[in-house]
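Pasted below: my_file_33.csv, CSV, C-alpha atoms and all ligand atoms.
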chain,number,residue,atom,x,y,z
A,22,MET,CA,131.1,71.7,-77.7
A,23,ALA,CA,134.6,71.5,-79.2
A,24,LEU,CA,135.6,69.2,-76.4
A,25,ALA,CA,132.6,66.9,-76.9
A,26,ALA,CA,133.5,66.6,-80.5
A,27,ALA,CA,137.1,65.8,-79.7
A,28,ARG,CA,135.9,63.2,-77.3
A,29,ARG,CA,133.7,61.5,-79.9
A,30,LEU,CA,136.6,61.5,-82.4
A,31,LEU,CA,139.0,60.0,-79.9
A,32,LEU,CA,136.6,57.3,-78.7
A,33,HIS,CA,135.1,56.2,-82.0
A,34,ALA,CA,137.8,56.9,-84.5
A,35,GLY,CA,140.2,55.0,-82.3
A,36,SER,CA,143.5,56.8,-82.0
A,37,ARG,CA,143.6,59.8,-84.3
A,38,LEU,CA,144.7,62.0,-81.4
A,39,GLY,CA,145.8,59.2,-79.2
A,40,ARG,CA,148.6,56.7,-79.9
A,41,ARG,CA,148.4,52.9,-79.8
A,42,GLU,CA,151.4,50.7,-80.0
A,43,ALA,CA,152.4,47.1,-79.2
A,44,VAL,CA,155.5,46.6,-77.1
A,45,ASP,CA,156.4,43.0,-76.2
A,46,GLY,CA,152.8,41.8,-76.1
A,47,ALA,CA,151.8,44.8,-73.9
A,48,ARG,CA,149.7,47.5,-75.4
A,49,ARG,CA,149.6,51.2,-74.6
A,50,PHE,CA,147.6,54.1,-75.6
A,51,ALA,CA,148.3,57.6,-74.7
A,52,ASN,CA,146.6,60.9,-74.8
A,53,LYS,CA,148.6,64.0,-73.9
A,54,ARG,CA,147.7,63.8,-70.2
A,55,VAL,CA,146.9,60.2,-69.6
A,56,LEU,CA,149.1,57.2,-70.4
A,57,VAL,CA,147.6,53.7,-70.3
A,58,GLU,CA,149.7,50.5,-70.5
A,59,THR,CA,147.9,47.2,-70.6
A,60,GLU,CA,149.4,43.8,-69.9
A,61,GLY,CA,148.0,41.1,-72.1
A,62,PRO,CA,147.1,37.9,-70.2
A,63,ALA,CA,146.6,39.5,-66.8
A,64,GLY,CA,143.9,41.8,-68.0
A,65,VAL,CA,145.3,44.7,-66.0
A,66,ALA,CA,145.9,48.3,-67.2
A,67,VAL,CA,148.1,50.8,-65.5
A,68,MET,CA,146.8,54.3,-66.0
A,69,LYS,CA,149.2,57.2,-65.3
A,70,LEU,CA,148.2,60.8,-65.0
A,71,ARG,CA,150.7,63.1,-66.5
A,72,ASN,CA,149.6,66.6,-66.4
A,73,PRO,CA,152.6,68.4,-65.0
A,74,PRO,CA,153.4,70.1,-62.8
A,75,VAL,CA,150.8,68.8,-60.3
A,76,ASN,CA,148.3,66.7,-62.3
A,77,SER,CA,145.5,69.2,-61.7
A,78,LEU,CA,142.3,68.0,-63.3
A,79,SER,CA,141.9,70.6,-66.0
A,80,LEU,CA,139.0,70.3,-68.4
A,81,GLU,CA,141.3,68.7,-71.0
A,82,CYS,CA,142.7,66.3,-68.4
A,83,LEU,CA,139.3,65.3,-67.2
A,84,THR,CA,138.1,64.6,-70.7
A,85,GLU,CA,141.2,62.5,-71.6
A,86,PHE,CA,140.8,60.6,-68.3
A,87,THR,CA,137.2,59.9,-69.0
A,88,ILE,CA,137.8,58.8,-72.6
A,89,SER,CA,140.7,56.5,-71.4
A,90,LEU,CA,138.4,54.9,-68.8
A,91,GLU,CA,135.6,54.4,-71.3
A,92,LYS,CA,138.0,52.7,-73.7
A,93,LEU,CA,139.2,50.4,-71.0
A,94,GLU,CA,135.7,49.7,-69.8
A,95,ASN,CA,134.7,48.7,-73.4
A,96,ASP,CA,137.7,46.4,-73.7
A,97,LYS,CA,136.5,43.1,-72.4
A,98,SER,CA,140.0,41.8,-71.9
A,99,ILE,CA,140.6,44.4,-69.2
A,100,ARG,CA,139.5,43.5,-65.7
A,101,GLY,CA,141.5,45.8,-63.5
A,102,VAL,CA,143.1,49.2,-63.5
A,103,ILE,CA,145.9,50.6,-61.4
A,104,LEU,CA,145.6,54.3,-61.1
A,105,THR,CA,148.8,56.3,-60.5
A,106,SER,CA,150.8,59.3,-61.4
A,107,GLU,CA,153.7,60.1,-63.6
A,108,CYS,CA,154.4,63.5,-61.8
A,109,PRO,CA,157.0,63.1,-59.1
A,110,GLY,CA,155.7,63.6,-55.6
A,111,ILE,CA,152.1,64.4,-56.8
A,112,PHE,CA,149.3,61.9,-57.2
A,113,SER,CA,146.9,64.8,-58.2
A,114,ALA,CA,146.4,68.3,-56.9
A,115,GLY,CA,142.7,67.9,-57.5
A,116,LEU,CA,140.4,70.0,-59.5
A,117,ASP,CA,142.1,72.7,-61.5
A,118,LEU,CA,141.6,75.9,-59.6
A,119,LEU,CA,142.0,77.9,-62.8
A,120,GLU,CA,138.9,76.2,-64.2
A,121,MET,CA,137.0,77.5,-61.2
A,122,TYR,CA,138.4,81.0,-60.9
A,123,GLY,CA,137.8,84.1,-63.2
A,124,ARG,CA,135.7,82.2,-65.8
A,125,ASN,CA,132.1,82.7,-66.8
A,126,PRO,CA,129.1,80.7,-65.6
A,127,ALA,CA,128.9,78.7,-68.9
A,128,HIS,CA,132.5,77.5,-68.3
A,129,TYR,CA,131.8,76.6,-64.7
A,130,ALA,CA,128.8,74.5,-65.8
A,131,GLU,CA,130.7,72.8,-68.6
A,132,TYR,CA,133.6,72.0,-66.2
A,133,TRP,CA,131.3,70.7,-63.5
A,134,LYS,CA,129.5,68.4,-65.9
A,135,ASN,CA,132.8,66.8,-66.8
A,136,VAL,CA,133.8,66.5,-63.1
A,137,GLN,CA,130.5,64.7,-62.5
A,138,GLU,CA,131.0,62.5,-65.5
A,139,LEU,CA,134.5,61.3,-64.5
A,140,TRP,CA,133.3,60.7,-61.0
A,141,LEU,CA,130.3,58.6,-62.1
A,142,ARG,CA,132.4,56.6,-64.5
A,143,LEU,CA,135.2,55.9,-61.9
A,144,TYR,CA,132.9,55.3,-59.0
A,145,THR,CA,130.6,52.9,-60.8
A,146,SER,CA,133.3,51.2,-62.9
A,147,ASN,CA,132.9,47.4,-63.3
A,148,MET,CA,136.6,47.0,-63.3
A,149,ILE,CA,138.7,46.5,-60.2
A,150,LEU,CA,140.4,49.9,-59.5
A,151,VAL,CA,143.5,50.0,-57.3
A,152,SER,CA,145.2,53.4,-56.6
A,153,ALA,CA,148.9,53.5,-56.2
A,154,ILE,CA,149.1,56.9,-54.4
A,155,ASN,CA,152.6,58.1,-55.1
A,156,GLY,CA,152.3,61.7,-54.0
A,157,ALA,CA,150.2,64.5,-52.6
A,158,SER,CA,146.5,63.9,-53.0
A,159,PRO,CA,144.3,66.8,-51.9
A,160,ALA,CA,140.6,67.3,-52.6
A,161,GLY,CA,139.8,66.1,-56.1
A,162,GLY,CA,143.0,64.0,-55.9
A,163,CYS,CA,141.7,62.3,-52.9
A,164,LEU,CA,138.3,61.9,-54.7
A,165,LEU,CA,140.0,59.9,-57.4
A,166,ALA,CA,141.6,57.6,-54.9
A,167,LEU,CA,138.3,57.2,-52.9
A,168,CYS,CA,136.7,55.9,-56.1
A,169,CYS,CA,139.0,53.0,-56.2
A,170,ASP,CA,138.3,49.6,-54.6
A,171,TYR,CA,141.7,49.7,-52.7
A,172,ARG,CA,144.2,52.4,-51.9
A,173,VAL,CA,147.9,51.9,-51.5
A,174,MET,CA,149.9,54.9,-50.4
A,175,ALA,CA,153.6,55.7,-50.3
A,176,ASP,CA,155.0,56.1,-46.9
A,177,ASN,CA,156.4,59.6,-47.2
A,178,PRO,CA,155.2,62.2,-44.6
A,179,LYS,CA,155.5,64.9,-47.3
A,180,TYR,CA,152.5,63.4,-49.1
A,181,THR,CA,149.1,64.2,-47.7
A,182,ILE,CA,145.6,63.1,-48.6
A,183,GLY,CA,142.2,64.4,-47.7
A,184,LEU,CA,139.2,66.5,-48.7
A,185,ASN,CA,140.6,70.0,-47.8
A,186,GLU,CA,138.0,72.1,-49.6
A,187,SER,CA,137.1,74.1,-46.4
A,188,LEU,CA,140.6,75.4,-46.3
A,189,LEU,CA,140.0,77.0,-49.7
A,190,GLY,CA,136.8,78.6,-48.5
A,191,ILE,CA,134.7,76.2,-50.6
A,192,VAL,CA,132.5,73.3,-49.6
A,193,ALA,CA,133.0,69.7,-50.7
A,194,PRO,CA,129.9,68.8,-52.8
A,195,PHE,CA,127.5,66.3,-51.3
A,196,TRP,CA,128.7,63.4,-53.4
A,197,PHE,CA,132.3,63.9,-52.3
A,198,LYS,CA,131.0,64.0,-48.7
A,199,ASP,CA,128.9,60.8,-49.3
A,200,MET,CA,131.9,58.9,-50.5
A,201,TYR,CA,134.0,60.1,-47.6
A,202,VAL,CA,131.4,59.0,-45.1
A,203,ASN,CA,131.1,55.6,-46.9
A,204,THR,CA,134.9,55.2,-46.5
A,205,ILE,CA,135.8,56.6,-43.1
A,206,GLY,CA,132.4,56.8,-41.3
A,207,HIS,CA,130.3,59.8,-40.3
A,208,ARG,CA,132.1,61.1,-37.3
A,209,GLU,CA,135.6,61.0,-38.9
A,210,ALA,CA,134.2,62.5,-42.1
A,211,GLU,CA,132.4,65.3,-40.3
A,212,ARG,CA,135.5,66.3,-38.5
A,213,ALA,CA,137.9,66.0,-41.4
A,214,LEU,CA,135.6,67.9,-43.8
A,215,GLN,CA,135.1,70.8,-41.4
A,216,LEU,CA,138.8,71.1,-40.6
A,217,GLY,CA,139.8,70.3,-44.2
A,218,THR,CA,142.3,67.8,-42.8
A,219,LEU,CA,145.1,66.6,-45.0
A,220,PHE,CA,146.3,63.3,-43.5
A,221,SER,CA,149.8,62.0,-43.5
A,222,PRO,CA,150.1,58.5,-44.8
A,223,ALA,CA,150.1,57.1,-41.2
A,224,GLU,CA,147.1,59.1,-40.2
A,225,ALA,CA,145.3,58.2,-43.4
A,226,LEU,CA,145.8,54.6,-42.7
A,227,LYS,CA,144.6,54.9,-39.2
A,228,VAL,CA,141.4,56.7,-40.1
A,229,GLY,CA,140.8,54.5,-43.2
A,230,VAL,CA,141.3,57.0,-46.0
A,231,VAL,CA,143.8,54.5,-47.4
A,232,ASP,CA,144.0,50.7,-47.0
A,233,GLU,CA,147.8,50.2,-46.9
A,234,VAL,CA,150.9,52.3,-46.5
A,235,VAL,CA,154.2,50.9,-48.0
A,236,PRO,CA,157.7,52.2,-48.6
A,237,GLU,CA,157.7,54.5,-51.6
A,238,ASP,CA,159.6,52.1,-53.9
A,239,GLN,CA,157.0,49.3,-53.2
A,240,VAL,CA,153.8,51.2,-54.1
A,241,HIS,CA,153.5,49.8,-57.5
A,242,SER,CA,154.5,46.2,-56.6
A,243,LYS,CA,152.0,46.3,-53.8
A,244,ALA,CA,149.3,47.6,-56.0
A,245,ARG,CA,150.0,44.7,-58.4
A,246,SER,CA,149.9,42.1,-55.7
A,247,VAL,CA,146.6,43.5,-54.4
A,248,MET,CA,145.2,43.4,-57.9
A,249,THR,CA,146.2,39.8,-58.2
A,250,LYS,CA,144.2,39.0,-55.1
A,251,TRP,CA,141.1,40.8,-56.4
A,252,LEU,CA,141.4,39.2,-59.8
A,253,ALA,CA,141.0,35.8,-58.2
A,254,ILE,CA,137.3,36.7,-57.3
A,255,PRO,CA,134.8,35.9,-60.1
A,256,ASP,CA,133.9,39.2,-61.9
A,257,HIS,CA,130.2,38.7,-61.9
A,258,SER,CA,129.9,38.3,-58.1
A,259,ARG,CA,132.4,41.0,-57.4
A,260,GLN,CA,130.7,43.4,-59.8
A,261,LEU,CA,127.2,42.8,-58.4
A,262,THR,CA,128.5,43.3,-54.9
A,263,LYS,CA,130.3,46.5,-55.8
A,264,ASN,CA,127.1,47.8,-57.5
A,265,MET,CA,125.0,46.9,-54.5
A,266,MET,CA,127.4,48.9,-52.2
A,267,ARG,CA,127.8,51.9,-54.4
A,268,LYS,CA,124.5,52.3,-56.3
A,269,ALA,CA,122.7,54.5,-53.8
A,270,THR,CA,125.5,57.0,-53.6
A,271,ALA,CA,125.9,57.2,-57.4
A,272,ASP,CA,122.1,57.4,-57.9
A,273,SER,CA,121.8,60.4,-55.5
A,274,LEU,CA,123.9,62.4,-58.0
A,275,ILE,CA,122.4,60.9,-61.1
A,276,LYS,CA,119.0,62.0,-59.9
A,277,GLN,CA,120.0,65.6,-59.5
A,278,ARG,CA,122.9,66.2,-62.0
A,279,GLU,CA,121.4,69.3,-63.5
A,280,ALA,CA,120.6,70.8,-60.1
A,281,ASP,CA,124.1,70.0,-58.9
A,282,ILE,CA,125.6,71.8,-61.9
A,283,GLN,CA,123.3,74.9,-61.1
A,284,ASN,CA,124.4,74.8,-57.4
A,285,PHE,CA,128.0,74.6,-58.3
A,286,THR,CA,127.8,77.4,-60.9
A,287,SER,CA,126.0,79.8,-58.7
A,288,PHE,CA,128.2,79.0,-55.6
A,289,ILE,CA,131.5,79.3,-57.5
A,290,SER,CA,130.4,82.5,-59.3
A,291,LYS,CA,129.8,84.3,-56.0
A,292,ASP,CA,132.2,87.2,-55.4
A,293,SER,CA,133.0,86.0,-51.9
A,294,ILE,CA,134.0,82.5,-53.2
A,295,GLN,CA,136.0,84.0,-56.1
A,296,LYS,CA,137.8,86.1,-53.5
A,297,SER,CA,138.6,83.1,-51.4
A,298,LEU,CA,140.0,81.2,-54.4
A,299,HIS,CA,142.0,84.3,-55.3
A,300,MET,CA,143.6,84.3,-51.9
A,301,TYR,CA,144.3,80.6,-52.0
A,302,LEU,CA,146.0,80.9,-55.4
A,303,GLU,CA,148.1,83.8,-54.0
A,304,LYS,CA,149.1,81.7,-51.0
A,305,LEU,CA,150.2,78.9,-53.4
A,306,LYS,CA,152.3,81.5,-55.3
A,307,GLN,CA,153.8,83.0,-52.2
A,308,LYS,CA,154.8,79.6,-50.9
A,309,LYS,CA,157.3,79.5,-53.8
A,310,GLY,CA,159.1,82.6,-53.4
B,401,LIG,C1,127.0,74.6,-51.9
B,401,LIG,C2,128.0,73.8,-52.5
B,401,LIG,C3,127.7,73.5,-53.9
B,401,LIG,C4,128.6,73.1,-54.8
B,401,LIG,C5,130.1,72.8,-54.4
B,401,LIG,C6,130.9,74.0,-54.6
B,401,LIG,C7,132.2,74.0,-54.7
B,401,LIG,C8,133.1,72.9,-54.5
B,401,LIG,C9,133.8,72.7,-55.7
B,401,LIG,C10,134.8,72.0,-55.9
B,401,LIG,C11,135.5,71.1,-55.0
B,401,LIG,C12,137.0,71.3,-55.1
B,401,LIG,C13,137.8,70.3,-55.3
B,401,LIG,C14,139.3,70.5,-55.5
B,401,LIG,O1,140.0,69.6,-55.9
B,401,LIG,S1,139.9,72.1,-55.4
B,401,LIG,C15,141.6,71.9,-55.5
B,401,LIG,C16,142.2,71.6,-54.2
B,401,LIG,N1,143.7,71.4,-54.3
B,401,LIG,C17,144.5,71.9,-53.5
B,401,LIG,O2,144.2,72.5,-52.5
B,401,LIG,C18,146.0,71.7,-53.8
B,401,LIG,C19,146.7,73.0,-54.0
B,401,LIG,N2,148.1,72.7,-54.3
B,401,LIG,C20,149.0,72.3,-53.4
B,401,LIG,O3,148.8,72.2,-52.2
B,401,LIG,C21,150.4,72.1,-53.9
B,401,LIG,O4,150.5,72.7,-55.2
B,401,LIG,C22,150.8,70.6,-54.1
B,401,LIG,C23,151.0,70.0,-52.7
B,401,LIG,C24,149.8,69.8,-54.9
B,401,LIG,C25,152.2,70.6,-54.8
B,401,LIG,O5,153.1,71.4,-54.2
B,401,LIG,P1,154.4,71.8,-55.0
B,401,LIG,O6,155.2,72.6,-54.0
B,401,LIG,O7,155.1,70.6,-55.6
B,401,LIG,O8,153.9,72.7,-56.2
B,401,LIG,P2,153.4,74.2,-56.2
B,401,LIG,O9,154.6,75.1,-56.4
B,401,LIG,O10,152.5,74.4,-55.0
B,401,LIG,O11,152.5,74.2,-57.5
B,401,LIG,C26,153.0,74.2,-58.8
B,401,LIG,C27,152.1,75.0,-59.7
B,401,LIG,O12,150.8,74.3,-59.7
B,401,LIG,C28,149.8,75.2,-59.4
B,401,LIG,N3,148.7,74.4,-58.7
B,401,LIG,C29,148.8,73.7,-57.6
B,401,LIG,N4,147.6,73.1,-57.4
B,401,LIG,C30,146.8,73.5,-58.3
B,401,LIG,C31,145.4,73.2,-58.6
B,401,LIG,N5,144.7,72.4,-57.9
B,401,LIG,N6,144.9,73.8,-59.7
B,401,LIG,C32,145.6,74.6,-60.5
B,401,LIG,N7,146.9,74.9,-60.3
B,401,LIG,C33,147.5,74.4,-59.2
B,401,LIG,C34,150.4,76.2,-58.4
B,401,LIG,O13,149.7,77.4,-58.3
B,401,LIG,C35,151.8,76.4,-59.1
B,401,LIG,O14,151.5,77.3,-60.2
B,401,LIG,P3,152.6,78.3,-60.7
B,401,LIG,O15,152.9,79.3,-59.5
B,401,LIG,O16,152.0,79.0,-61.8
B,401,LIG,O17,153.8,77.5,-61.0
Just dump the structure as structure tokens.
Amino acid sequence: MALAAARRLLLHAGSRLGRREAVDGARRFANKRVLVETEGPAGVAVMKLRNPPVNSLSLECLTEFTISLEKLENDKSIRGVILTSECPGIFSAGLDLLEMYGRNPAHYAEYWKNVQELWLRLYTSNMILVSAINGASPAGGCLLALCCDYRVMADNPKYTIGLNESLLGIVAPFWFKDMYVNTIGHREAERALQLGTLFSPAEALKVGVVDEVVPEDQVHSKARSVMTKWLAIPDHSRQLTKNMMRKATADSLIKQREADIQNFTSFISKDSIQKSLHMYLEKLKQKKG
């Protein structure tokens, strides 16, 4: 409830919690975890996730992300968004495991509702979305990229991307799966989902998880040049086409949002699933030391 109130305040009262400033004709607004810079005449915004150390999608981060997107969507001068990260070497570590571990069912339900909301807003956005994937992008990180209309990834073999949920002992929700199938086809998705494959940039390109792989220092310039190409298409025809391609997938969640929240909550609350998450978190810790 507190988050919902904060969201309303941020959105409607403008920038009480956020900041808005004008720099050389460019505008920027920032929440704590999301920075948005817009470039006047081109109608393009660059949205940078900055939730260190790994841009995990905590409830706060999801909320700020959704609010920022909503603001951009309501700003008729903005036609495209480049989504990227300010955390070195990490695009996004995906959903925040600490939101799904050791909490109560009400928290899981609230968290999942916000995950759904961000996904629906991103996936059905009228704007052109291009991701500049400048780091690791597992699970929910990959989901963010898959929502975009075009994905450019940095050519660094240390960075991997994919829906790796099965490695955590959890299952990718059906709408993650649907989007994967839409992007890479049924056979590749079936294999990658079962194995929890994290693709290197070269593999991701081959299978179609990303559209282009470029040297790391060219990710942003390439994302901009891709955006320029997409901006040349009339908005109305591009938007109608995007809607035609994505509506069925979005609708299948919209029709059963509440049931999906219940499924997630009961699944994630299971002792066996909590145990798997505990083991995975321990593995992440051990990796360090
Ligand atoms: C029937 C079905 C019904 C419904 C469906 C049910 C369930 C499905 C639900 C959800 C789908 C899940 C989607 C997800 O996105 S789950 C998250 C998956 N993410 C990962 O597996 C990434 C894990 N992290 C890493 O691999 C590495 O951290 C990474 C490569 C991103 C970065 O490596 P680096 O060496 O740079 O940093 P680390 O030292 O590993 O991490 C630093 C710090 O951050 C913590 N961390 C990492 N990832 C997460 C995360 N996703 N959430 C929370 N915290 C994270 C890590 O533990 C370290 O913490 P600390 O030790 O305290 O410093």
Sorted by chain and rising residue number, which residues of chain A lie within 6 Å of ligand LIG 401 (chain B), and what are their closest atom pairs and distances in Å to one decimal, counting all atoms listed in the file, as a Markdown table?
| residue | atom | partner | partner_atom | distance |
| --- | --- | --- | --- | --- |
| A:Pro74 | CA | B:LIG401 | C26 | 5.7 |
| A:Val75 | CA | B:LIG401 | O12 | 5.5 |
| A:Ser77 | CA | B:LIG401 | N5 | 5.0 |
| A:Ala114 | CA | B:LIG401 | C24 | 4.2 |
| A:Gly115 | CA | B:LIG401 | O1 | 3.6 |
| A:Leu116 | CA | B:LIG401 | O1 | 3.6 |
| A:Asp117 | CA | B:LIG401 | N6 | 3.5 |
| A:Leu118 | CA | B:LIG401 | N6 | 3.9 |
| A:Leu119 | CA | B:LIG401 | C32 | 5.4 |
| A:Ala157 | CA | B:LIG401 | C23 | 5.6 |
| A:Pro159 | CA | B:LIG401 | N1 | 5.2 |
| A:Ala160 | CA | B:LIG401 | O1 | 4.1 |
| A:Gly161 | CA | B:LIG401 | O1 | 3.5 |
| A:Glu186 | CA | B:LIG401 | C12 | 5.6 |
| A:Ile191 | CA | B:LIG401 | C7 | 5.3 |
| A:Val192 | CA | B:LIG401 | C8 | 5.0 |
| A:Ala193 | CA | B:LIG401 | C8 | 5.0 |
| A:Pro194 | CA | B:LIG401 | C5 | 4.3 |
| A:Asn284 | CA | B:LIG401 | C3 | 5.0 |
| A:Phe285 | CA | B:LIG401 | C4 | 3.9 |
| A:Phe288 | CA | B:LIG401 | C6 | 5.8 |
| A:Leu302 | CA | B:LIG401 | O13 | 5.9 |
| A:Leu305 | CA | B:LIG401 | O13 | 5.1 |
| A:Lys306 | CA | B:LIG401 | O15 | 4.8 |
| A:Lys309 | CA | B:LIG401 | O9 | 5.8 |
Distance of CA of Val65 in chain A from CA of Val102 in chain A, expressed in Å to one decimal place: 5.6 Å
Pick from A:Leu93, A:Leu141, A:Ala127, A:Cys108, whichever lies nearest to Ser158 in chain A using only C-alpha atoms: A:Cys108
Contacts of Lys243 in chain A at 12 Å (all atoms listed in the file; same-chain gap of 3+ positions) as JSON, numbers by chain: {"A": [103, 151, 152, 153, 154, 155, 171, 172, 173, 174, 175, 232, 233, 234, 235, 236, 237, 238, 239, 240, 246, 247, 248, 249, 250]}
Protein, DNA and RNA residues within 12 Å of (135.0, 74.4, -41.8), only C-alpha atoms, as a VMD selection string: chain A and resid 184 to 193 210 to 218
Write the residues you've just listed into a file as an mmCIF file, in the frame of the given file, and include C-alpha atoms for each of them.
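Written file, again25.cif:
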data_model
loop_
_atom_site.group_PDB
_atom_site.id
_atom_site.type_symbol
_atom_site.label_atom_id
_atom_site.label_comp_id
_atom_site.auth_asym_id
_atom_site.auth_seq_id
_atom_site.Cartn_x
_atom_site.Cartn_y
_atom_site.Cartn_z
ATOM 1 C CA LEU A 184 139.200 66.500 -48.700
ATOM 2 C CA ASN A 185 140.600 70.000 -47.800
ATOM 3 C CA GLU A 186 138.000 72.100 -49.600
ATOM 4 C CA SER A 187 137.100 74.100 -46.400
ATOM 5 C CA LEU A 188 140.600 75.400 -46.300
ATOM 6 C CA LEU A 189 140.000 77.000 -49.700
ATOM 7 C CA GLY A 190 136.800 78.600 -48.500
ATOM 8 C CA ILE A 191 134.700 76.200 -50.600
ATOM 9 C CA VAL A 192 132.500 73.300 -49.600
ATOM 10 C CA ALA A 193 133.000 69.700 -50.700
ATOM 11 C CA ALA A 210 134.200 62.500 -42.100
ATOM 12 C CA GLU A 211 132.400 65.300 -40.300
ATOM 13 C CA ARG A 212 135.500 66.300 -38.500
ATOM 14 C CA ALA A 213 137.900 66.000 -41.400
ATOM 15 C CA LEU A 214 135.600 67.900 -43.800
ATOM 16 C CA GLN A 215 135.100 70.800 -41.400
ATOM 17 C CA LEU A 216 138.800 71.100 -40.600
ATOM 18 C CA GLY A 217 139.800 70.300 -44.200
ATOM 19 C CA THR A 218 142.300 67.800 -42.800
#
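Going from CA of Leu78 in chain A to CA of Ser113 in chain A covers 7.6 Å.
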Distance in Å - CA of Pro255 in chain A versus CA of Asn95 in chain A: 18.5 Å
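Of the listed residues A:Ala271, A:Thr262, A:Phe220, A:Leu70, the one whose atoms come nearest to Glu138 in chain A is A:Ala271, with distances taken using all atoms listed in the file.
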Residues within 8 Å of (141.0, 35.4, -66.1), file coords, only C-alpha atoms, listed as a PyMOL selection string: chain A and resi 62-64+252-253
From A:Ile182, A:Leu164, A:Ile99, A:Leu139, residue lying nearest Pro222 in chain A [all atoms listed in the file]: A:Ile182
At a cut-off of 12 Å, using all atoms listed in the file, what residues contact range 131-133 of chain A? Leave out same-chain residues fewer than 6 positions from it and give the result as a compact mmCIF listing (two decimals) with C-alpha atoms, keeping the file's coordinate frame.
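Resulting contents of part.txt:
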# COMPACT_ATOMS: atom_id res chain seq x y z
CA MET A 22 131.10 71.70 -77.70
CA ALA A 23 134.60 71.50 -79.20
CA LEU A 24 135.60 69.20 -76.40
CA ALA A 25 132.60 66.90 -76.90
CA LEU A 78 142.30 68.00 -63.30
CA SER A 79 141.90 70.60 -66.00
CA LEU A 80 139.00 70.30 -68.40
CA GLU A 81 141.30 68.70 -71.00
CA CYS A 82 142.70 66.30 -68.40
CA LEU A 83 139.30 65.30 -67.20
CA THR A 84 138.10 64.60 -70.70
CA LEU A 116 140.40 70.00 -59.50
CA ASP A 117 142.10 72.70 -61.50
CA LEU A 118 141.60 75.90 -59.60
CA LEU A 119 142.00 77.90 -62.80
CA GLU A 120 138.90 76.20 -64.20
CA MET A 121 137.00 77.50 -61.20
CA TYR A 122 138.40 81.00 -60.90
CA ARG A 124 135.70 82.20 -65.80
CA ASN A 125 132.10 82.70 -66.80
CA LEU A 139 134.50 61.30 -64.50
CA TRP A 140 133.30 60.70 -61.00
CA PRO A 194 129.90 68.80 -52.80
CA ARG A 278 122.90 66.20 -62.00
CA GLU A 279 121.40 69.30 -63.50
CA ALA A 280 120.60 70.80 -60.10
CA ASP A 281 124.10 70.00 -58.90
CA ILE A 282 125.60 71.80 -61.90
CA GLN A 283 123.30 74.90 -61.10
CA ASN A 284 124.40 74.80 -57.40
CA PHE A 285 128.00 74.60 -58.30
CA THR A 286 127.80 77.40 -60.90
CA SER A 287 126.00 79.80 -58.70
CA PHE A 288 128.20 79.00 -55.60
CA ILE A 289 131.50 79.30 -57.50
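Across A:Asn76, A:Gln137, A:Ala225, A:Gly156, the tightest approach to Phe195 in chain A is made by A:Gln137 when counting all atoms listed in the file.
The smallest atom-to-atom distance between Ile111 in chain A and any of A:Asn177, A:Gln277, A:Thr204, A:Ser297, using all atoms listed in the file, is found for A:Asn177.
Residue nearest Ala269 in chain A within the list A:Cys163, A:Met200, A:Ile205, A:Ile294: A:Met200 [criterion: smallest interatomic distance, only C-alpha atoms].
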If I wrap all listed atoms of range 231-240 of chain A in a box with edges along x, y and z and add 6 Å on each side, what are its centre and edge lengths in Å to one decimal, as JSON?
{"center_x": 151.7, "center_y": 51.9, "center_z": -50.3, "size_x": 27.8, "size_y": 17.2, "size_z": 19.6}
